[in-house]
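Coordinates from input-v4.json are shown below (JSON, C-alpha atoms).
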```
[["chain", "number", "residue", "atom", "x", "y", "z"],
["O", 1, "MET", "CA", -4.88, 39.91, 13.57],
["O", 2, "ALA", "CA", -3.13, 42.50, 15.76],
["O", 3, "THR", "CA", -1.51, 43.98, 12.65],
["O", 4, "ALA", "CA", -4.92, 44.32, 10.98],
["O", 5, "ILE", "CA", -6.34, 46.10, 14.04],
["O", 6, "VAL", "CA", -3.40, 48.51, 14.20],
["O", 7, "ILE", "CA", -3.74, 49.28, 10.49],
["O", 8, "ALA", "CA", -7.48, 49.90, 10.85],
["O", 9, "LEU", "CA", -7.03, 52.21, 13.85],
["O", 10, "THR", "CA", -4.12, 54.23, 12.41],
["O", 11, "PRO", "CA", -6.27, 56.97, 10.78],
["O", 12, "LEU", "CA", -8.18, 57.52, 14.05],
["O", 13, "VAL", "CA", -4.97, 57.70, 16.06],
["O", 14, "LEU", "CA", -3.47, 60.19, 13.59],
["O", 15, "GLN", "CA", -6.56, 62.40, 13.69],
["O", 16, "ALA", "CA", -6.68, 62.40, 17.50],
["O", 17, "ALA", "CA", -2.96, 63.09, 17.84],
["O", 18, "ALA", "CA", -2.71, 65.84, 15.23],
["O", 19, "PRO", "CA", -3.56, 69.41, 16.25],
["O", 20, "ALA", "CA", -5.87, 71.42, 13.99],
["O", 21, "SER", "CA", -2.95, 73.44, 12.64],
["O", 22, "ARG", "CA", -1.14, 70.29, 11.43],
["O", 23, "ASP", "CA", -0.29, 69.90, 7.72],
["O", 24, "TRP", "CA", -2.67, 67.16, 6.59],
["O", 25, "GLY", "CA", -0.73, 66.64, 3.35],
["O", 26, "ARG", "CA", 2.36, 65.72, 5.36],
["O", 27, "LEU", "CA", 0.32, 63.42, 7.60],
["O", 28, "SER", "CA", -1.04, 61.77, 4.45],
["O", 29, "ASP", "CA", 2.51, 61.13, 3.22],
["O", 30, "ILE", "CA", 3.43, 59.63, 6.60],
["O", 31, "SER", "CA", 0.32, 57.47, 6.54],
["O", 32, "GLN", "CA", 1.15, 56.21, 3.03],
["O", 33, "THR", "CA", 4.66, 55.34, 4.17],
["O", 34, "TYR", "CA", 3.19, 53.48, 7.12],
["O", 35, "GLY", "CA", 0.83, 51.69, 4.74],
["O", 36, "ALA", "CA", 3.76, 50.59, 2.59],
["O", 37, "LEU", "CA", 5.50, 49.24, 5.70],
["O", 38, "SER", "CA", 2.38, 47.30, 6.67],
["O", 39, "VAL", "CA", 2.35, 45.74, 3.18],
["O", 40, "LEU", "CA", 5.97, 44.67, 3.73],
["O", 41, "PHE", "CA", 5.06, 43.15, 7.10],
["O", 42, "SER", "CA", 2.14, 41.33, 5.48],
["O", 43, "ALA", "CA", 4.40, 40.02, 2.70],
["O", 44, "ALA", "CA", 6.91, 38.83, 5.29],
["O", 45, "ALA", "CA", 4.12, 37.05, 7.18],
["O", 46, "LEU", "CA", 2.97, 35.40, 3.95],
["O", 47, "VAL", "CA", 6.51, 34.21, 3.23],
["O", 48, "GLY", "CA", 6.65, 32.80, 6.76],
["O", 49, "VAL", "CA", 3.40, 30.89, 6.25],
["O", 50, "ALA", "CA", 4.60, 29.54, 2.89],
["O", 51, "THR", "CA", 7.91, 28.45, 4.44],
["O", 52, "SER", "CA", 6.08, 26.73, 7.28],
["O", 53, "LEU", "CA", 3.81, 24.87, 4.85],
["O", 54, "ALA", "CA", 6.79, 23.76, 2.76],
["O", 55, "HIS", "CA", 8.53, 22.51, 5.92],
["O", 56, "GLN", "CA", 5.41, 20.61, 7.01],
["O", 57, "ALA", "CA", 5.11, 19.02, 3.55],
["O", 58, "ARG", "CA", 8.74, 17.90, 3.75],
["O", 59, "GLN", "CA", 8.20, 16.45, 7.24],
["O", 60, "THR", "CA", 5.13, 14.57, 5.96],
["O", 61, "GLU", "CA", 7.18, 13.17, 3.06],
["O", 62, "ILE", "CA", 9.88, 12.02, 5.49],
["O", 63, "ALA", "CA", 7.31, 10.42, 7.81],
["O", 64, "ASN", "CA", 5.67, 8.60, 4.90],
["O", 65, "ASP", "CA", 9.05, 7.39, 3.66],
["O", 66, "GLU", "CA", 9.97, 6.15, 7.15],
["O", 67, "ALA", "CA", 6.68, 4.24, 7.40],
["O", 68, "GLN", "CA", 7.21, 2.66, 3.98],
["O", 69, "ARG", "CA", 10.77, 1.62, 4.89],
["O", 70, "ALA", "CA", 9.61, 0.14, 8.18],
["O", 71, "SER", "CA", 6.97, -1.89, 6.34],
["O", 72, "HIS", "CA", 9.52, -3.11, 3.77],
["O", 73, "ARG", "CA", 12.02, -3.99, 6.48],
["O", 74, "GLU", "CA", 9.37, -5.94, 8.40],
["O", 75, "LEU", "CA", 8.39, -7.96, 5.31],
["O", 76, "VAL", "CA", 12.00, -8.85, 4.52],
["O", 77, "LEU", "CA", 12.91, -9.71, 8.11],
["O", 78, "THR", "CA", 9.82, -11.92, 8.40],
["O", 79, "ALA", "CA", 10.91, -13.87, 5.32],
["O", 80, "ILE", "CA", 14.51, -14.03, 6.56],
["O", 81, "ASN", "CA", 13.29, -15.61, 9.80],
["O", 82, "ASP", "CA", 10.81, -18.01, 8.18],
["O", 83, "ALA", "CA", 12.16, -20.11, 5.30],
["O", 84, "ASP", "CA", 8.63, -21.03, 4.19],
["O", 85, "LEU", "CA", 8.01, -17.40, 3.24],
["O", 86, "VAL", "CA", 11.04, -17.09, 0.95],
["O", 87, "VAL", "CA", 8.99, -18.39, -1.98],
["O", 88, "CYS", "CA", 6.56, -15.49, -1.59],
["O", 89, "TYR", "CA", 9.21, -13.18, -3.06],
["O", 90, "GLU", "CA", 10.35, -13.18, -6.66],
["O", 91, "PRO", "CA", 12.83, -15.91, -7.54],
["O", 92, "GLY", "CA", 16.43, -14.78, -7.57],
["O", 93, "PRO", "CA", 18.63, -14.59, -10.63],
["O", 94, "GLN", "CA", 20.07, -18.02, -9.82],
["O", 95, "ARG", "CA", 19.34, -20.90, -7.49],
["O", 96, "ILE", "CA", 21.14, -20.25, -4.19],
["O", 97, "SER", "CA", 21.13, -21.50, -0.63],
["O", 98, "LEU", "CA", 18.78, -20.06, 1.96],
["O", 99, "ARG", "CA", 21.78, -18.66, 3.82],
["O", 100, "THR", "CA", 23.01, -16.81, 0.74],
["O", 101, "ARG", "CA", 19.47, -15.54, 0.01],
["O", 102, "LYS", "CA", 19.26, -14.14, 3.54],
["O", 103, "GLN", "CA", 22.61, -12.40, 3.09],
["O", 104, "LEU", "CA", 21.47, -10.89, -0.22],
["O", 105, "TRP", "CA", 18.23, -9.63, 1.31],
["O", 106, "PHE", "CA", 20.04, -8.17, 4.29],
["O", 107, "SER", "CA", 22.53, -6.43, 1.97],
["O", 108, "ASN", "CA", 19.50, -5.09, 0.12],
["O", 109, "LEU", "CA", 18.08, -3.68, 3.37],
["O", 110, "ILE", "CA", 21.37, -1.87, 3.98],
["O", 111, "LEU", "CA", 21.33, -0.44, 0.48],
["O", 112, "HIS", "CA", 17.67, 0.59, 0.85],
["O", 113, "HIS", "CA", 18.55, 2.45, 4.04],
["O", 114, "TRP", "CA", 21.21, 4.47, 2.23],
["O", 115, "TYR", "CA", 18.88, 4.95, -0.74],
["O", 116, "ALA", "CA", 16.23, 6.53, 1.50],
["O", 117, "ASP", "CA", 18.81, 8.79, 3.15],
["O", 118, "TYR", "CA", 20.12, 9.81, -0.26],
["O", 119, "ARG", "CA", 16.66, 10.53, -1.68],
["O", 120, "LEU", "CA", 15.78, 12.63, 1.38],
["O", 121, "LYS", "CA", 19.12, 14.46, 1.04],
["O", 122, "ARG", "CA", 20.36, 13.32, 4.43],
["O", 123, "ILE", "CA", 23.58, 12.24, 2.70],
["O", 124, "ASN", "CA", 25.28, 13.66, -0.37],
["O", 125, "ASP", "CA", 27.21, 12.01, -3.21],
["O", 126, "ASP", "CA", 30.53, 12.07, -1.37],
["O", 127, "ALA", "CA", 29.13, 10.56, 1.83],
["O", 128, "LEU", "CA", 27.39, 7.85, -0.19],
["O", 129, "ARG", "CA", 30.65, 7.01, -1.96],
["O", 130, "VAL", "CA", 32.39, 6.61, 1.42],
["O", 131, "LEU", "CA", 29.67, 4.22, 2.66],
["O", 132, "LEU", "CA", 29.65, 2.23, -0.56],
["O", 133, "THR", "CA", 33.45, 1.99, -0.79],
["O", 134, "ASP", "CA", 33.58, 0.25, 2.57],
["O", 135, "HIS", "CA", 30.44, -1.78, 1.83],
["O", 136, "PHE", "CA", 31.83, -3.22, -1.39],
["O", 137, "LYS", "CA", 34.98, -4.46, 0.31],
["O", 138, "GLY", "CA", 32.83, -7.37, 1.49],
["O", 139, "GLU", "CA", 31.94, -10.49, -0.43],
["O", 140, "ALA", "CA", 28.20, -10.48, 0.41],
["O", 141, "ALA", "CA", 27.76, -6.83, -0.63],
["O", 142, "ARG", "CA", 29.44, -7.46, -3.99],
["O", 143, "ARG", "CA", 27.39, -10.60, -4.54],
["O", 144, "HIS", "CA", 24.23, -8.59, -3.84],
["O", 145, "TRP", "CA", 24.98, -5.83, -6.36],
["O", 146, "HIS", "CA", 26.21, -8.33, -8.93],
["O", 147, "SER", "CA", 22.91, -10.23, -8.61],
["O", 148, "TYR", "CA", 20.47, -7.35, -8.16],
["O", 149, "ALA", "CA", 21.97, -4.35, -9.95],
["O", 150, "ASP", "CA", 19.76, -4.81, -13.00],
["O", 151, "PRO", "CA", 16.48, -4.90, -11.00],
["O", 152, "TRP", "CA", 17.62, -1.81, -9.07],
["O", 153, "ARG", "CA", 18.38, 0.03, -12.33],
["O", 154, "ARG", "CA", 15.01, -0.91, -13.80],
["O", 155, "TYR", "CA", 13.21, 0.18, -10.62],
["O", 156, "VAL", "CA", 14.81, 3.62, -10.39],
["O", 157, "ALA", "CA", 14.39, 4.17, -14.15],
["O", 158, "ALA", "CA", 10.68, 3.38, -13.79],
["O", 159, "LEU", "CA", 10.42, 5.89, -10.93],
["O", 160, "GLY", "CA", 11.89, 8.54, -13.18],
["O", 161, "GLU", "CA", 13.27, 10.54, -10.27],
["O", 162, "ARG", "CA", 16.61, 12.12, -11.06],
["O", 163, "ARG", "CA", 18.00, 11.52, -7.57],
["O", 164, "SER", "CA", 16.93, 7.85, -7.58],
["O", 165, "VAL", "CA", 18.64, 7.27, -10.92],
["O", 166, "GLN", "CA", 21.74, 9.09, -9.65],
["O", 167, "PHE", "CA", 21.82, 6.76, -6.64],
["O", 168, "ALA", "CA", 22.04, 3.66, -8.88],
["O", 169, "VAL", "CA", 24.68, 5.35, -11.04],
["O", 170, "LEU", "CA", 26.82, 6.06, -7.96],
["O", 171, "VAL", "CA", 26.40, 2.50, -6.67],
["O", 172, "ASP", "CA", 27.47, 1.17, -10.09],
["O", 173, "GLU", "CA", 30.53, 3.44, -10.13],
["O", 174, "VAL", "CA", 31.74, 2.44, -6.67],
["O", 175, "TYR", "CA", 31.00, -1.25, -7.28],
["O", 176, "THR", "CA", 32.97, -1.19, -10.56],
["O", 177, "ALA", "CA", 35.91, 0.51, -8.83],
["O", 178, "ALA", "CA", 35.83, -2.05, -5.99],
["O", 179, "VAL", "CA", 35.88, -4.97, -8.42],
["O", 180, "ALA", "CA", 38.78, -3.38, -10.32],
["O", 181, "GLU", "CA", 40.78, -3.13, -7.07],
["O", 182, "GLY", "CA", 40.72, -6.88, -6.55],
["O", 183, "PRO", "CA", 38.84, -9.61, -4.75],
["O", 184, "PRO", "CA", 36.60, -8.80, -1.77],
["O", 185, "THR", "CA", 37.20, -9.78, 1.80],
["O", 186, "PRO", "CA", 35.63, -13.25, 2.06],
["O", 187, "SER", "CA", 32.74, -13.63, 4.48],
["O", 188, "SER", "CA", 34.70, -16.34, 6.29],
["O", 189, "ALA", "CA", 37.36, -13.78, 7.24],
["O", 190, "TYR", "CA", 34.94, -11.43, 9.02],
["O", 191, "LEU", "CA", 34.86, -13.14, 12.40],
["O", 192, "ALA", "CA", 37.56, -14.82, 14.44],
["O", 193, "PRO", "CA", 36.94, -18.43, 15.41],
["O", 194, "PRO", "CA", 35.42, -18.91, 18.86],
["O", 195, "SER", "CA", 38.01, -19.25, 21.59]]
```
Translate this file's structure into structure tokens.
Amino acid sequence: MATAIVIALTPLVLQAAAPASRDWGRLSDISQTYGALSVLFSAAALVGVATSLAHQARQTEIANDEAQRASHRELVLTAINDADLVVCYEPGPQRISLRTRKQLWFSNLILHHWYADYRLKRINDDALRVLLTDHFKGEAARRHWHSYADPWRRYVAALGERRSVQFAVLVDEVYTAAVAEGPPTPSSAYLAPPS
């Protein structure tokens, strides 16, 4: 608003400041130059507003994604803690124990966390590979991807988002490399016996 007032008052200021003998043609040239500068300032302000709106849209997307993940996490954790609710989810690819089902779901929560970070560009391909390489050293993580890779692939393909599809491709690549390296660390070897 201050810029608009200054622009509106410029001709009056020039007329009051210029003596009668002043070359009005030259003052006109100066005024046109000033006008061009004010257009540049206005364009810069417009770019600033557009940048701010884009940033706010991104923050809204992140907040919505965080809320969705929190809701998903709450649903899964509720079922993990209440065996009667397990049957509310889709049946797994094979009949397994409740303990194994809980491990698969928890592995899925871990993968969903990295998926959200990857989609929001909080982590890049290389960082994701590092996380997945360590993840797939474990037996439960490998069992999860072996059992649920196909549903993940179908889900990201249905979304049609390039970055989502790329996530599943990277998980497949790291999983395949881990399997080629040899057997995983068994779950029984994770913790030392109580002393």
Would you kindly return, as a ChimeraX atom specification, each protein, DNA or RNA residue with an atom no farther than 8 Å from any atom of Tyr115 of chain O, considering only C-alpha atoms and excluding same-chain residues fewer than 3 positions away?
/O:111-112,118-119,164,167
Record the distance separating atom CA of Ala57 of chain O and atom CA of His72 of chain O, expressed in Å with one decimal.
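Atom CA of His72 of chain O lies at a distance of 22.6 Å from atom CA of Ala57 of chain O.
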List every protein, DNA or RNA residue with an atom no more than 9 Å from (14.7, 6.5, 3.1) in the file's coordinates, counting all atoms listed in the file, and format the result as a PDB file with C-alpha atoms, in the coordinates of the input.
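Contents of part-v1.pdb, as written:
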```pdb
ATOM      1  CA  ILE O  62       9.880  12.020   5.490  1.00  0.00           C
ATOM      2  CA  ASP O  65       9.050   7.390   3.660  1.00  0.00           C
ATOM      3  CA  GLU O  66       9.970   6.150   7.150  1.00  0.00           C
ATOM      4  CA  GLN O  68       7.210   2.660   3.980  1.00  0.00           C
ATOM      5  CA  ARG O  69      10.770   1.620   4.890  1.00  0.00           C
ATOM      6  CA  HIS O 112      17.670   0.590   0.850  1.00  0.00           C
ATOM      7  CA  HIS O 113      18.550   2.450   4.040  1.00  0.00           C
ATOM      8  CA  TRP O 114      21.210   4.470   2.230  1.00  0.00           C
ATOM      9  CA  TYR O 115      18.880   4.950  -0.740  1.00  0.00           C
ATOM     10  CA  ALA O 116      16.230   6.530   1.500  1.00  0.00           C
ATOM     11  CA  ASP O 117      18.810   8.790   3.150  1.00  0.00           C
ATOM     12  CA  TYR O 118      20.120   9.810  -0.260  1.00  0.00           C
ATOM     13  CA  ARG O 119      16.660  10.530  -1.680  1.00  0.00           C
ATOM     14  CA  LEU O 120      15.780  12.630   1.380  1.00  0.00           C
ATOM     15  CA  ARG O 122      20.360  13.320   4.430  1.00  0.00           C
TER      16      ARG O 122
END
```
With distances taken over all atoms listed in the file, which residue among O:Val174, O:Leu159, O:Ile96, O:Ala63 lies nearest Asp125 of chain O?
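Closest candidate: O:Val174.
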Just want the 9 Å neighbourhood of Ser147 of chain O, counted on only C-alpha atoms, with same-chain residues fewer than 2 positions away dropped. Output as a PyMOL selection string.
chain O and resi 92-94+104+142-145+149-151
Just the number, please: distance in Å from atom CA of Gln166 of chain O to atom CA of Thr133 of chain O, one decimal.
16.3 Å
Using Å and a single decimal, report how far atom CA of Lys102 of chain O sits from atom CA of Ile80 of chain O.
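These atoms are spaced 5.6 Å apart.
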Taking 6 positions as the minimum chain separation for residues in the same chain, which residues sit within 12 Å of Ala177 of chain O when counting all atoms listed in the file? Answer as a list in words.
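Neighbouring residues, sequence-local ones excluded: Arg129, Leu132, Thr133, Asp134, Phe136, Lys137, Arg142, Leu170, Val171, Pro183 and Pro184 of chain O.
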Pick out the residues sitting within 12 Å of Asn81 of chain O, and hand them over as number ranges by chain; count all atoms listed in the file, and ignore anything fewer than 4 positions along from it in its own chain.
O: 74-77, 85-86, 98-99, 101-103, 105-106
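When only C-alpha atoms are used to compute distances to Gly138 of chain O, the closest of the residues O:Leu109, O:Leu12, O:Ala189, O:Val165 turns out to be O:Ala189.
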Please reconstruct the missing atoms of segment 54-65 of chain O (target: N, CA, C and O atoms) and return them as a PDB file, keeping the file's coordinate frame.
```pdb
ATOM      1  N   ALA O  54       5.798  24.559   3.489  1.00  0.00           N
ATOM      2  CA  ALA O  54       6.790  23.760   2.760  1.00  0.00           C
ATOM      3  C   ALA O  54       7.516  22.824   3.723  1.00  0.00           C
ATOM      4  O   ALA O  54       7.760  21.650   3.412  1.00  0.00           O
ATOM      5  N   HIS O  55       7.860  23.330   4.909  1.00  0.00           N
ATOM      6  CA  HIS O  55       8.530  22.510   5.920  1.00  0.00           C
ATOM      7  C   HIS O  55       7.622  21.370   6.373  1.00  0.00           C
ATOM      8  O   HIS O  55       8.077  20.222   6.511  1.00  0.00           O
ATOM      9  N   GLN O  56       6.352  21.655   6.593  1.00  0.00           N
ATOM     10  CA  GLN O  56       5.410  20.610   7.010  1.00  0.00           C
ATOM     11  C   GLN O  56       5.250  19.553   5.923  1.00  0.00           C
ATOM     12  O   GLN O  56       5.161  18.355   6.227  1.00  0.00           O
ATOM     13  N   ALA O  57       5.219  19.985   4.653  1.00  0.00           N
ATOM     14  CA  ALA O  57       5.110  19.020   3.550  1.00  0.00           C
ATOM     15  C   ALA O  57       6.333  18.118   3.516  1.00  0.00           C
ATOM     16  O   ALA O  57       6.225  16.910   3.303  1.00  0.00           O
ATOM     17  N   ARG O  58       7.503  18.694   3.741  1.00  0.00           N
ATOM     18  CA  ARG O  58       8.740  17.900   3.750  1.00  0.00           C
ATOM     19  C   ARG O  58       8.718  16.896   4.913  1.00  0.00           C
ATOM     20  O   ARG O  58       9.101  15.743   4.747  1.00  0.00           O
ATOM     21  N   GLN O  59       8.267  17.342   6.081  1.00  0.00           N
ATOM     22  CA  GLN O  59       8.200  16.450   7.240  1.00  0.00           C
ATOM     23  C   GLN O  59       7.202  15.311   6.988  1.00  0.00           C
ATOM     24  O   GLN O  59       7.443  14.165   7.385  1.00  0.00           O
ATOM     25  N   THR O  60       6.105  15.606   6.304  1.00  0.00           N
ATOM     26  CA  THR O  60       5.130  14.570   5.960  1.00  0.00           C
ATOM     27  C   THR O  60       5.745  13.564   5.002  1.00  0.00           C
ATOM     28  O   THR O  60       5.560  12.352   5.145  1.00  0.00           O
ATOM     29  N   GLU O  61       6.500  14.056   4.009  1.00  0.00           N
ATOM     30  CA  GLU O  61       7.180  13.170   3.060  1.00  0.00           C
ATOM     31  C   GLU O  61       8.160  12.254   3.792  1.00  0.00           C
ATOM     32  O   GLU O  61       8.215  11.047   3.526  1.00  0.00           O
ATOM     33  N   ILE O  62       8.922  12.814   4.724  1.00  0.00           N
ATOM     34  CA  ILE O  62       9.880  12.020   5.490  1.00  0.00           C
ATOM     35  C   ILE O  62       9.156  10.968   6.329  1.00  0.00           C
ATOM     36  O   ILE O  62       9.565   9.807   6.377  1.00  0.00           O
ATOM     37  N   ALA O  63       8.063  11.372   6.983  1.00  0.00           N
ATOM     38  CA  ALA O  63       7.310  10.420   7.810  1.00  0.00           C
ATOM     39  C   ALA O  63       6.730   9.289   6.964  1.00  0.00           C
ATOM     40  O   ALA O  63       6.771   8.115   7.366  1.00  0.00           O
ATOM     41  N   ASN O  64       6.204   9.630   5.795  1.00  0.00           N
ATOM     42  CA  ASN O  64       5.670   8.600   4.900  1.00  0.00           C
ATOM     43  C   ASN O  64       6.767   7.660   4.427  1.00  0.00           C
ATOM     44  O   ASN O  64       6.560   6.445   4.340  1.00  0.00           O
ATOM     45  N   ASP O  65       7.925   8.213   4.109  1.00  0.00           N
ATOM     46  CA  ASP O  65       9.050   7.390   3.660  1.00  0.00           C
ATOM     47  C   ASP O  65       9.507   6.457   4.781  1.00  0.00           C
ATOM     48  O   ASP O  65       9.784   5.280   4.542  1.00  0.00           O
TER      49      ASP O  65
END
```
